[in-house]
Amino acid sequence: MRLRHIRHARIRPGTRVLVRVDFNVVIKEGRVLDDFRMREALLTLSYLIKRKCRIRIVGHLGRPGGRRVARLSLLPLAKHLAGLLDRRIQFIRDPLDQRAIDRYDGSRDILFFENLRFWPGEEKNNESFARALATWGDLYVNEAFSDIHRAHASMVALPKYIPGYAGFRLFDEVRFLGKARDIPARPCLVIFGGAKVSTKLPLIRKFLKVADRIIIAGAMANTVFLREGIEIGVSTAERDMDGVPPRAFFRNQKLLYPVDVVVMRGGVFARGRTRRVRIGALRSDDFIVDSGPRSIELFVKEAKRAKTVIWNGPLGYTDILRFQRGTRRFAEALSRMRSFRVVGGGETVAVLNRAKLVKKFSHVSTGGGAMLEFFMGKRFPALDALSLK
C-alpha cells in the first residue's frame, strides 16, 4: 500500500495540523513510566515545528467508555511532552467547546486535547464528532500505527473532512512490517511469546507456510505443554481448550519450544528462590516465570541461522523485573546480529527500551495487536484513508 506522506503535504507557516497520536502509555501517580511511543512521534512533531505549523494533538488513554475518568486524563502526557519538546503546550479539556475554539484556535502554542474516548462519538466513528474535530485543522496526520486496526472517528472519519497524511513513524511501520510480511529473506525465523495461543493461532498457521522455524515460548508454550499432558504446575496457560487445535498441529517439525524453564514454588508473588527445571520435571506447585538458559541458547542458535527474524511477545513473565532475564538475554544476542530483525508487542518493547536496545534492531514496532493484524493481511480503513488512489 502506498501512503500519502506528510513530506508531500502543502504546508505553509501557520498551517493548522491535527496529529493523531497513540500515547496510550502507563501513568503512575501523574508520571509517565515508559515514553517510548511518545518519543517515536517526535520526528513528525519536530518536522511540523520547523515548518512553523500550529500543531494540535489528539489521542486516547485506556477505556473510559465514553465518559470522563480522572485517572485517564491526558494532562500528564501533555506535561511530559512539553518537557520532551521544550515547548509550551496548552491543554484543551473540551475540543467541542466553542469557547475553547474562539480562545485557542489562533494560538501558536501546541494544543493537546483531552482523551477523545471521553466522548462516545470517538469509538462509534461518529461523523458529527469527526467534523467537530476537523474544525481545528487544515491537515490531518496519522502517527498512531498501534491504533490502525480501530475504526474510530479520529482514525477513519476525520480524514474525510481535511486532507490526511501518514507521519514519519506510521509510514515506516507500514514499510518495514510489509517487507517482513510479504517478502522475508530466507531462512525466516518467527518467535511468538506472550500469554494466549488462541490470539496468535491465525498467525502461527500463516507463518507455518512461509517461515523456516517458529519458536513458541512464554505462557503460550505452557498451553501447548498442558495439551500434551506435561506438568506445568500452577503456571499461566489457557486451560479451556475450546478452539485450540489438536495435538498434531503443535507437533509440526517447524515448531520449537523451551527445553527448560525458570520456576517459583507457589506462584509469581510467592517468596523464595527461583530454580531451573527441564520441561517434564515440574512439580504441581511450580509457577513458570521465564524461559531457561538452555532454551535461550537454543533460540539464539536458531536466530543466528536466520536472515529474517520476526519477534512478538516476551519469553517469560516480564511484569516483574527479575523475571525478564530470558527475554533480555535473547534481545541482547539478537541486537548484535546482522539479519533483518523486526520486534513488536508492548511487553517485549518495554524490555528492549529499558535495556536501551531499541535502536539496535531493524525495526521496533509501536503496535502489538495492530502488528499482528497487519501480518494477517487485514485491511485497515485508517490506512485506506491515507492511501494514494
# chains A, B, ... in the order shown; residues from 1 in each chain; ligands from 1
call {"tool": "select_by_dssp", "arguments": {"residues": "range 5-123 of chain A", "states": "alpha helix (DSSP H)", "output": "PyMOL selection string"}}
result
chain A and resi 36-40+42-50+75-85+98-104+120-123
call {"tool": "write_last_selection", "arguments": {"atoms": "N, CA and C atoms", "output": "compact mmCIF listing (two decimals), in the first residue's frame"}}
result
# COMPACT_ATOMS: atom_id res chain seq x y z
N PHE A 36 8.28 5.47 25.35
CA PHE A 36 8.76 5.00 24.05
C PHE A 36 7.85 5.49 22.93
N ARG A 37 6.54 5.27 23.06
CA ARG A 37 5.62 5.67 22.00
C ARG A 37 5.63 7.19 21.79
N MET A 38 5.79 7.93 22.86
CA MET A 38 5.82 9.38 22.74
C MET A 38 7.06 9.83 21.99
N ARG A 39 8.20 9.26 22.32
CA ARG A 39 9.44 9.64 21.64
C ARG A 39 9.42 9.28 20.15
N GLU A 40 8.72 8.21 19.81
CA GLU A 40 8.68 7.80 18.41
C GLU A 40 7.88 8.78 17.55
N LEU A 42 8.22 12.06 17.92
CA LEU A 42 8.93 13.35 17.95
C LEU A 42 9.45 13.77 16.58
N LEU A 43 9.79 12.83 15.72
CA LEU A 43 10.30 13.18 14.40
C LEU A 43 9.24 13.95 13.61
N THR A 44 8.02 13.45 13.63
CA THR A 44 6.93 14.13 12.92
C THR A 44 6.63 15.49 13.56
N LEU A 45 6.57 15.53 14.88
CA LEU A 45 6.26 16.78 15.57
C LEU A 45 7.36 17.82 15.32
N SER A 46 8.62 17.39 15.35
CA SER A 46 9.72 18.31 15.09
C SER A 46 9.69 18.84 13.66
N TYR A 47 9.33 17.96 12.74
CA TYR A 47 9.20 18.36 11.32
C TYR A 47 8.16 19.48 11.18
N LEU A 48 7.04 19.33 11.86
CA LEU A 48 5.97 20.34 11.78
C LEU A 48 6.36 21.63 12.50
N ILE A 49 7.09 21.49 13.60
CA ILE A 49 7.55 22.67 14.34
C ILE A 49 8.50 23.50 13.47
N LYS A 50 9.42 22.84 12.77
CA LYS A 50 10.39 23.55 11.93
C LYS A 50 9.69 24.32 10.81
N LEU A 75 -3.71 14.98 30.65
CA LEU A 75 -2.94 16.11 31.16
C LEU A 75 -1.50 15.73 31.52
N PRO A 76 -1.26 14.60 32.22
CA PRO A 76 0.14 14.22 32.50
C PRO A 76 0.96 14.01 31.22
N LEU A 77 0.31 13.51 30.16
CA LEU A 77 1.01 13.29 28.89
C LEU A 77 1.37 14.63 28.24
N ALA A 78 0.46 15.59 28.34
CA ALA A 78 0.73 16.91 27.78
C ALA A 78 1.93 17.54 28.48
N LYS A 79 1.99 17.40 29.80
CA LYS A 79 3.12 17.95 30.57
C LYS A 79 4.42 17.25 30.20
N HIS A 80 4.35 15.92 30.04
CA HIS A 80 5.56 15.16 29.70
C HIS A 80 6.06 15.55 28.30
N LEU A 81 5.13 15.69 27.37
CA LEU A 81 5.52 16.06 26.00
C LEU A 81 6.12 17.46 25.97
N ALA A 82 5.60 18.36 26.78
CA ALA A 82 6.17 19.72 26.85
C ALA A 82 7.64 19.66 27.24
N GLY A 83 7.97 18.73 28.16
CA GLY A 83 9.37 18.56 28.55
C GLY A 83 10.20 17.96 27.44
N LEU A 84 9.66 16.98 26.70
CA LEU A 84 10.40 16.36 25.61
C LEU A 84 10.70 17.35 24.49
N LEU A 85 9.73 18.21 24.19
CA LEU A 85 9.88 19.16 23.09
C LEU A 85 10.47 20.50 23.54
N GLN A 98 -17.15 25.65 22.00
CA GLN A 98 -16.94 26.78 21.10
C GLN A 98 -16.07 27.84 21.75
N ARG A 99 -16.17 27.98 23.07
CA ARG A 99 -15.34 28.98 23.76
C ARG A 99 -13.86 28.62 23.65
N ALA A 100 -13.55 27.31 23.70
CA ALA A 100 -12.16 26.89 23.54
C ALA A 100 -11.65 27.18 22.13
N ILE A 101 -12.51 26.96 21.13
CA ILE A 101 -12.13 27.24 19.74
C ILE A 101 -11.85 28.73 19.57
N ASP A 102 -12.76 29.57 20.10
CA ASP A 102 -12.60 31.02 19.96
C ASP A 102 -11.32 31.50 20.64
N ARG A 103 -10.97 30.88 21.76
CA ARG A 103 -9.82 31.35 22.54
C ARG A 103 -8.49 30.83 22.01
N TYR A 104 -8.47 29.56 21.59
CA TYR A 104 -7.17 28.93 21.30
C TYR A 104 -6.88 28.62 19.83
N PRO A 120 -18.42 9.60 23.51
CA PRO A 120 -18.86 8.35 22.85
C PRO A 120 -18.64 8.35 21.34
N GLY A 121 -18.66 9.54 20.73
CA GLY A 121 -18.52 9.61 19.28
C GLY A 121 -17.19 9.10 18.75
N GLU A 122 -16.15 9.09 19.58
CA GLU A 122 -14.84 8.61 19.12
C GLU A 122 -14.89 7.14 18.76
N GLU A 123 -15.27 6.30 19.69
CA GLU A 123 -15.25 4.86 19.42
C GLU A 123 -16.38 4.41 18.50
call {"tool": "residues_around", "arguments": {"residues": "Arg251 in chain A", "least_positions_apart": "4", "cutoff": "10 Å", "atoms": "only C-alpha atoms", "output": "list in words"}}
result
Val224, Glu228, Pro246, Arg247, Leu255 and Leu256 of chain A
call {"tool": "residues_around", "arguments": {"residues": "Arg93 in chain A", "least_positions_apart": "6", "cutoff": "10 Å", "atoms": "only C-alpha atoms", "output": "CSV table (one decimal) with C-alpha atoms, in the first residue's frame"}}
result
chain,number,residue,atom,x,y,z
A,73,SER,CA,-6.9,12.3,31.7
A,74,LEU,CA,-4.2,13.1,29.1
A,75,LEU,CA,-2.9,16.1,31.2
A,100,ALA,CA,-12.2,26.9,23.5
A,112,PHE,CA,-3.1,19.0,23.3
A,113,PHE,CA,-6.7,17.7,23.6
A,114,GLU,CA,-8.2,15.7,26.4
A,115,ASN,CA,-8.8,12.0,26.0
A,116,LEU,CA,-11.0,11.5,22.9
call {"tool": "residues_around", "arguments": {"residues": "Asp212 in chain A", "least_positions_apart": "3", "cutoff": "8 Å", "atoms": "only C-alpha atoms", "output": "list in words"}}
result
Arg186, Pro187, Cys188, Leu189, Leu208 and Lys254 of chain A
call {"tool": "write_last_selection", "arguments": {"atoms": "C-alpha atoms", "output": "compact mmCIF listing (two decimals), in the first residue's frame"}}
result
# COMPACT_ATOMS: atom_id res chain seq x y z
CA ARG A 186 15.14 -16.83 4.00
CA PRO A 187 15.76 -18.53 6.33
CA CYS A 188 12.93 -16.82 8.23
CA LEU A 189 12.53 -17.27 11.99
CA LEU A 208 3.93 -22.17 9.05
CA LYS A 254 8.90 -26.29 12.21
call {"tool": "residues_around", "arguments": {"residues": "Ala382 in chain A", "least_positions_apart": "4", "cutoff": "10 Å", "atoms": "only C-alpha atoms", "output": "ChimeraX atom specification"}}
result
/A:142,144-145,147-159,386-387
call {"tool": "residues_around", "arguments": {"residues": "Ile232 in chain A", "least_positions_apart": "2", "cutoff": "9 Å", "atoms": "only C-alpha atoms", "output": "list in words"}}
result
Asn222, Thr223, Phe225, Leu226, Gly229, Ile230, Val234, Ser235, Thr236, Ala237, Ile279, Gly280, Ala281, Leu282, Arg283, Ser284, Asp285, Asp286, Phe287 and Ile288 of chain A
call {"tool": "atom_distance", "arguments": {"atom1": "CA of Glu302 in chain A", "atom2": "CA of Thr274 in chain A"}}
result
26.4 Å
